[in-house]
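Structure below is protein_14.csv: CSV, C-alpha atoms.
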chain,number,residue,atom,x,y,z
A,19,MET,CA,0.0,0.0,0.0
A,20,SER,CA,1.6,3.3,1.1
A,21,SER,CA,5.3,2.8,1.9
A,22,PRO,CA,7.2,5.7,3.5
A,23,LYS,CA,8.6,6.5,0.1
A,24,ASP,CA,5.1,7.4,-1.2
A,25,ILE,CA,4.5,10.0,1.4
A,26,ARG,CA,5.0,13.4,-0.1
A,27,TYR,CA,5.3,16.5,1.9
A,28,LEU,CA,4.2,19.9,0.8
A,29,ASN,CA,7.2,21.5,2.5
A,30,PRO,CA,10.4,19.5,3.0
A,31,PRO,CA,10.6,18.0,6.5
A,32,THR,CA,12.6,20.3,8.8
A,33,ALA,CA,14.1,17.6,11.0
A,34,GLU,CA,17.7,17.3,9.9
A,35,ILE,CA,19.9,14.4,10.3
A,36,LYS,CA,21.8,14.8,13.5
A,37,LYS,CA,25.6,15.2,13.1
A,38,LYS,CA,27.4,12.6,15.1
A,39,LYS,CA,29.5,14.1,18.0
A,40,TYR,CA,33.0,12.9,18.5
A,41,CYS,CA,35.7,13.3,21.0
A,42,ARG,CA,38.2,15.7,19.6
A,43,PHE,CA,41.0,14.3,21.7
A,44,GLN,CA,40.6,10.8,20.5
A,45,LYS,CA,40.2,11.9,16.9
A,46,SER,CA,43.3,14.1,16.8
A,47,GLY,CA,45.4,11.9,19.2
A,48,ILE,CA,46.0,14.4,22.0
A,49,LYS,CA,47.0,12.5,25.1
A,50,TYR,CA,47.8,15.3,27.5
A,51,ILE,CA,45.7,18.4,28.2
A,52,ASP,CA,47.9,21.3,29.2
A,53,TYR,CA,46.7,23.6,32.0
A,54,LYS,CA,49.1,26.2,30.9
A,55,ASP,CA,47.2,27.0,27.7
A,56,PRO,CA,44.1,28.9,28.8
A,57,ASP,CA,43.1,29.8,25.2
A,58,PHE,CA,42.6,26.2,24.4
A,59,LEU,CA,40.7,25.5,27.6
A,60,LEU,CA,38.4,28.3,26.7
A,61,LYS,CA,36.6,25.9,24.3
A,62,PHE,CA,35.4,23.8,27.2
A,63,VAL,CA,33.8,26.5,29.4
A,64,ASN,CA,30.8,28.8,28.9
A,65,GLU,CA,30.8,32.6,29.1
A,66,GLN,CA,30.6,32.4,32.9
A,67,GLY,CA,33.7,30.3,33.0
A,68,LYS,CA,31.8,27.1,34.0
A,69,LEU,CA,32.8,23.8,32.5
A,70,LEU,CA,30.6,22.7,29.6
A,71,PRO,CA,28.9,19.2,29.9
A,72,ARG,CA,30.0,16.3,27.8
A,73,ARG,CA,26.7,16.2,26.0
A,74,LEU,CA,27.5,19.6,24.4
A,75,THR,CA,31.2,19.2,23.6
A,76,GLY,CA,31.1,15.5,22.8
A,77,THR,CA,34.3,14.8,24.8
A,78,SER,CA,34.7,11.2,26.0
A,79,LEU,CA,34.6,10.5,29.7
A,80,LYS,CA,38.3,9.8,29.9
A,81,PHE,CA,39.2,13.2,28.5
A,82,GLN,CA,36.4,15.1,30.2
A,83,ARG,CA,38.0,14.2,33.5
A,84,LYS,CA,41.4,15.5,32.2
A,85,VAL,CA,39.8,18.7,30.8
A,86,ALA,CA,38.2,19.3,34.2
A,87,GLN,CA,41.5,18.7,36.0
A,88,ALA,CA,43.3,21.1,33.6
A,89,VAL,CA,40.7,23.8,34.0
A,90,LYS,CA,40.8,23.6,37.7
A,91,ARG,CA,44.6,23.9,37.7
A,92,ALA,CA,44.4,26.9,35.3
A,93,ARG,CA,42.0,28.5,37.7
A,94,HIS,CA,44.2,28.0,40.7
A,95,LEU,CA,47.1,29.7,38.8
A,96,SER,CA,44.8,32.6,37.9
A,97,LEU,CA,45.1,31.8,34.2
A,98,MET,CA,41.4,31.4,34.0
A,99,PRO,CA,38.7,33.0,36.2
A,100,TYR,CA,36.6,31.0,38.7
A,101,VAL,CA,33.7,33.2,38.0
A,102,ALA,CA,33.2,35.7,35.2
A,103,ASP,CA,30.5,37.2,33.0
A,104,LEU,CA,31.1,37.6,29.3
A,105,MET,CA,34.4,35.8,29.1
A,106,LYS,CA,34.2,35.4,25.3
B,19,MET,CA,61.9,5.6,41.2
B,20,GLU,CA,62.7,9.0,39.9
B,21,LYS,CA,59.7,11.2,39.0
B,22,ARG,CA,59.4,14.3,36.9
B,23,TYR,CA,57.6,17.3,38.3
B,24,GLU,CA,56.7,20.7,37.1
B,25,THR,CA,56.2,23.7,39.3
B,26,VAL,CA,54.8,27.1,38.5
B,27,PHE,CA,54.8,30.0,40.8
B,28,ILE,CA,53.6,33.6,40.7
B,29,LEU,CA,55.7,36.4,42.2
B,30,THR,CA,54.4,39.8,43.3
B,31,PRO,CA,54.7,42.5,40.7
B,32,VAL,CA,56.3,45.0,43.1
B,33,LEU,CA,59.7,43.3,42.7
B,34,SER,CA,62.3,44.7,40.3
B,35,ASP,CA,63.8,42.6,37.5
B,36,ASP,CA,66.9,41.7,39.5
B,37,GLN,CA,64.7,40.7,42.5
B,38,THR,CA,62.6,38.3,40.4
B,39,LYS,CA,65.7,36.8,38.9
B,40,GLU,CA,67.1,36.4,42.4
B,41,THR,CA,63.9,34.8,43.7
B,42,ALA,CA,63.9,32.3,40.8
B,43,LYS,CA,67.5,31.5,41.5
B,44,LYS,CA,66.7,30.9,45.2
B,45,PHE,CA,64.0,28.4,44.3
B,46,LYS,CA,66.2,26.6,41.8
B,47,LYS,CA,68.9,26.4,44.5
B,48,THR,CA,66.3,25.0,46.9
B,49,ILE,CA,65.4,22.2,44.4
B,50,ILE,CA,69.0,21.3,43.9
B,51,ASP,CA,69.7,21.4,47.7
B,52,LEU,CA,66.7,19.0,48.2
B,53,GLY,CA,68.3,16.5,45.7
B,54,GLY,CA,66.4,17.4,42.6
B,55,LYS,CA,67.7,18.0,39.1
B,56,ILE,CA,66.5,20.9,37.0
B,57,VAL,CA,65.3,19.8,33.6
B,58,ASN,CA,63.9,23.0,32.2
B,59,GLU,CA,62.8,26.5,33.2
B,60,GLU,CA,60.7,29.1,31.6
B,61,ASN,CA,60.1,32.7,32.5
B,62,TRP,CA,56.7,33.8,31.3
B,63,GLY,CA,57.2,37.4,32.4
B,64,LEU,CA,54.6,39.8,33.8
B,65,LYS,CA,51.1,38.5,33.1
B,66,LYS,CA,47.7,39.8,34.0
B,67,LEU,CA,45.9,37.6,36.6
B,68,ALA,CA,42.4,36.4,35.8
B,69,TYR,CA,41.3,37.5,39.2
B,70,PRO,CA,43.1,39.6,41.9
B,71,ILE,CA,45.3,37.7,44.4
B,72,GLN,CA,46.3,39.7,47.6
B,73,LYS,CA,44.9,42.8,45.8
B,74,LYS,CA,47.3,42.4,43.0
B,75,THR,CA,46.2,42.2,39.4
B,76,THR,CA,49.5,41.2,37.8
B,77,GLY,CA,52.3,38.8,38.6
B,78,PHE,CA,55.5,37.3,37.3
B,79,TYR,CA,55.0,33.7,36.3
B,80,TYR,CA,57.9,31.3,36.5
B,81,LEU,CA,58.0,27.6,35.6
B,82,ILE,CA,60.6,25.1,36.6
B,83,GLU,CA,60.6,21.5,35.6
B,84,PHE,CA,62.7,19.1,37.7
B,85,SER,CA,63.2,15.4,38.5
B,86,GLY,CA,63.6,14.0,41.9
B,87,GLU,CA,63.0,11.1,44.1
B,88,GLY,CA,60.4,10.7,46.8
B,89,GLN,CA,57.6,12.9,48.1
B,90,GLU,CA,59.9,14.8,50.5
B,91,ILE,CA,61.3,17.1,47.9
B,92,VAL,CA,57.9,18.4,46.9
B,93,ASN,CA,56.8,18.8,50.5
B,94,ASN,CA,59.8,20.7,51.4
B,95,LEU,CA,59.7,22.9,48.3
B,96,GLU,CA,56.0,23.8,49.0
B,97,ILE,CA,57.0,24.7,52.6
B,98,THR,CA,59.6,27.1,51.2
B,99,TYR,CA,57.0,28.6,48.9
B,100,LYS,CA,54.6,29.2,51.9
B,101,ARG,CA,57.3,30.8,53.9
B,102,ASP,CA,58.2,33.2,51.1
B,103,GLU,CA,55.9,36.2,51.1
B,104,ARG,CA,56.9,37.2,47.5
B,105,ILE,CA,55.1,34.1,46.2
B,106,LEU,CA,51.4,34.8,45.4
B,107,ARG,CA,50.5,31.3,44.2
B,108,PHE,CA,52.2,28.1,43.4
B,109,LEU,CA,51.3,24.7,41.8
B,110,THR,CA,53.4,21.6,41.6
B,111,VAL,CA,52.3,18.6,39.5
B,112,ALA,CA,53.9,15.3,38.9
B,113,LEU,CA,54.2,14.5,35.2
B,114,ASP,CA,53.1,11.1,33.9
B,115,LYS,CA,54.4,9.7,30.6
B,116,HIS,CA,52.1,11.6,28.3
B,117,ALA,CA,52.7,14.9,30.2
B,118,SER,CA,56.5,14.3,30.0
B,119,ALA,CA,56.2,13.8,26.3
B,120,TYR,CA,54.2,17.0,26.0
B,121,ALA,CA,56.7,18.9,28.1
B,122,ASP,CA,59.6,17.7,25.9
B,123,LYS,CA,57.7,18.8,22.8
B,124,ARG,CA,56.9,22.1,24.4
B,125,LYS,CA,60.6,22.7,25.3
B,126,GLY,CA,61.5,22.3,21.6
B,127,LEU,CA,58.7,24.6,20.5
B,128,VAL,CA,59.7,27.3,23.1
B,129,ALA,CA,63.3,27.1,22.0
B,130,GLU,CA,62.3,27.4,18.4
B,131,ALA,CA,60.1,30.4,19.0
B,132,LYS,CA,63.0,32.1,20.9
B,133,THR,CA,65.4,31.6,18.0
B,134,LYS,CA,62.8,32.8,15.6
B,135,LYS,CA,62.3,35.9,17.7
B,136,LYS,CA,66.0,36.6,17.7
B,137,GLU,CA,66.2,36.1,14.0
B,138,THR,CA,63.4,38.6,13.3
B,139,ALA,CA,65.0,41.0,15.8
B,140,SER,CA,68.4,40.8,14.1
B,141,SER,CA,67.1,41.0,10.5
Could you write out this structure as structure tokens?
Amino acid sequence: MSSPKDIRYLNPPTAEIKKKKYCRFQKSGIKYIDYKDPDFLLKFVNEQGKLLPRRLTGTSLKFQRKVAQAVKRARHLSLMPYVADLMK
Amino acid sequence: MEKRYETVFILTPVLSDDQTKETAKKFKKTIIDLGGKIVNEENWGLKKLAYPIQKKTTGFYYLIEFSGEGQEIVNNLEITYKRDERILRFLTVALDKHASAYADKRKGLVAEAKTKKKETASS
């Protein structure tokens, strides 16, 4: 009878195919996350300087722990703020 | 077993150039006296702090990488840090194998950047 192929839409369906997230560290082979590089760590915090969750960045659990450790070390050395507004 | 460590400290901005050099020398001497070997050192110069520490908004950053045996060396080094009022902040971390590899790479990069800077300055 009517298979999914036969269904025609007046407007093309808006739901897009989700892009698969990946862990940037595993993909590019980074093994150590440096706390001395605050510009790089900026990618993993929001405007308030809070750590972004894994579900947004796609980082694997193993590296999320290392990112968290690095950010905390950077904060201790005053390379990154503990609290901020409009960091970026 | 011998371990590699990396220590970063922030000095107060009120010091003169000679005084910062002298303080850095003092801590290098402390490490050597405690039985450590200095692998690398970096002077990051005067940097702006992300938040004020002891009402100061800038500080001299200094990094020393060293190798040594046992926990005692780090304990004693941190005690000397605490006793010195010129130190605003310090952090000592042990380097695992990935971190050591990164530190070696970084050393090369820093040296390269320095020579490049010199070249551009001379030309």
Near chain B, meaning an atom within 12 Å, which residues of chain A appear when counting all atoms listed in the file? Write them as JSON, numbers by chain. {"A": [47, 48, 49, 50, 51, 52, 53, 54, 55, 56, 67, 84, 87, 88, 90, 91, 92, 93, 94, 95, 96, 97, 98, 99, 100, 101, 102, 105]}
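Non-sequential neighbours of stretch 87-99 of chain B (distance at most 7 Å, separation of 4 or more positions within a chain, all atoms listed in the file) are Met19, Glu20, Lys21, Ile49, Leu52 and Ile105 of chain B.
Nearest-residue note for B:Val57: choosing from B:Glu137, B:Asp122, B:Glu40, B:Glu83, the minimum distance belongs to B:Glu83, counting only C-alpha atoms.
Taking atom CA of A:Tyr27 as the reference point, atom CA of A:Lys39 is found at 29.2 Å.
Every polymer residue reaching to within 12 Å of (39.3, 23.9, 22.9), counting only C-alpha atoms, appears in this list: Cys41, Arg42, Phe43, Ile48, Ile51, Asp52, Tyr53, Asp55, Pro56, Asp57, Phe58, Leu59, Leu60, Lys61, Phe62, Val63, Asn64, Leu69, Leu70, Thr75, Gly76, Thr77, Gln82, Val85, Ala88 and Val89 of chain A.
Atom pair atom CA of B:Tyr80 / atom CA of B:Glu60: separated by 6.1 Å.
Checking B:Trp62, B:Lys55, B:Arg104, B:Ile50 one by one against B:Gln37, counting only C-alpha atoms, you find the shortest gap at B:Arg104.
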Students should find that atom CA of B:Glu24 and atom CA of B:Gln72 are spaced 24.1 Å
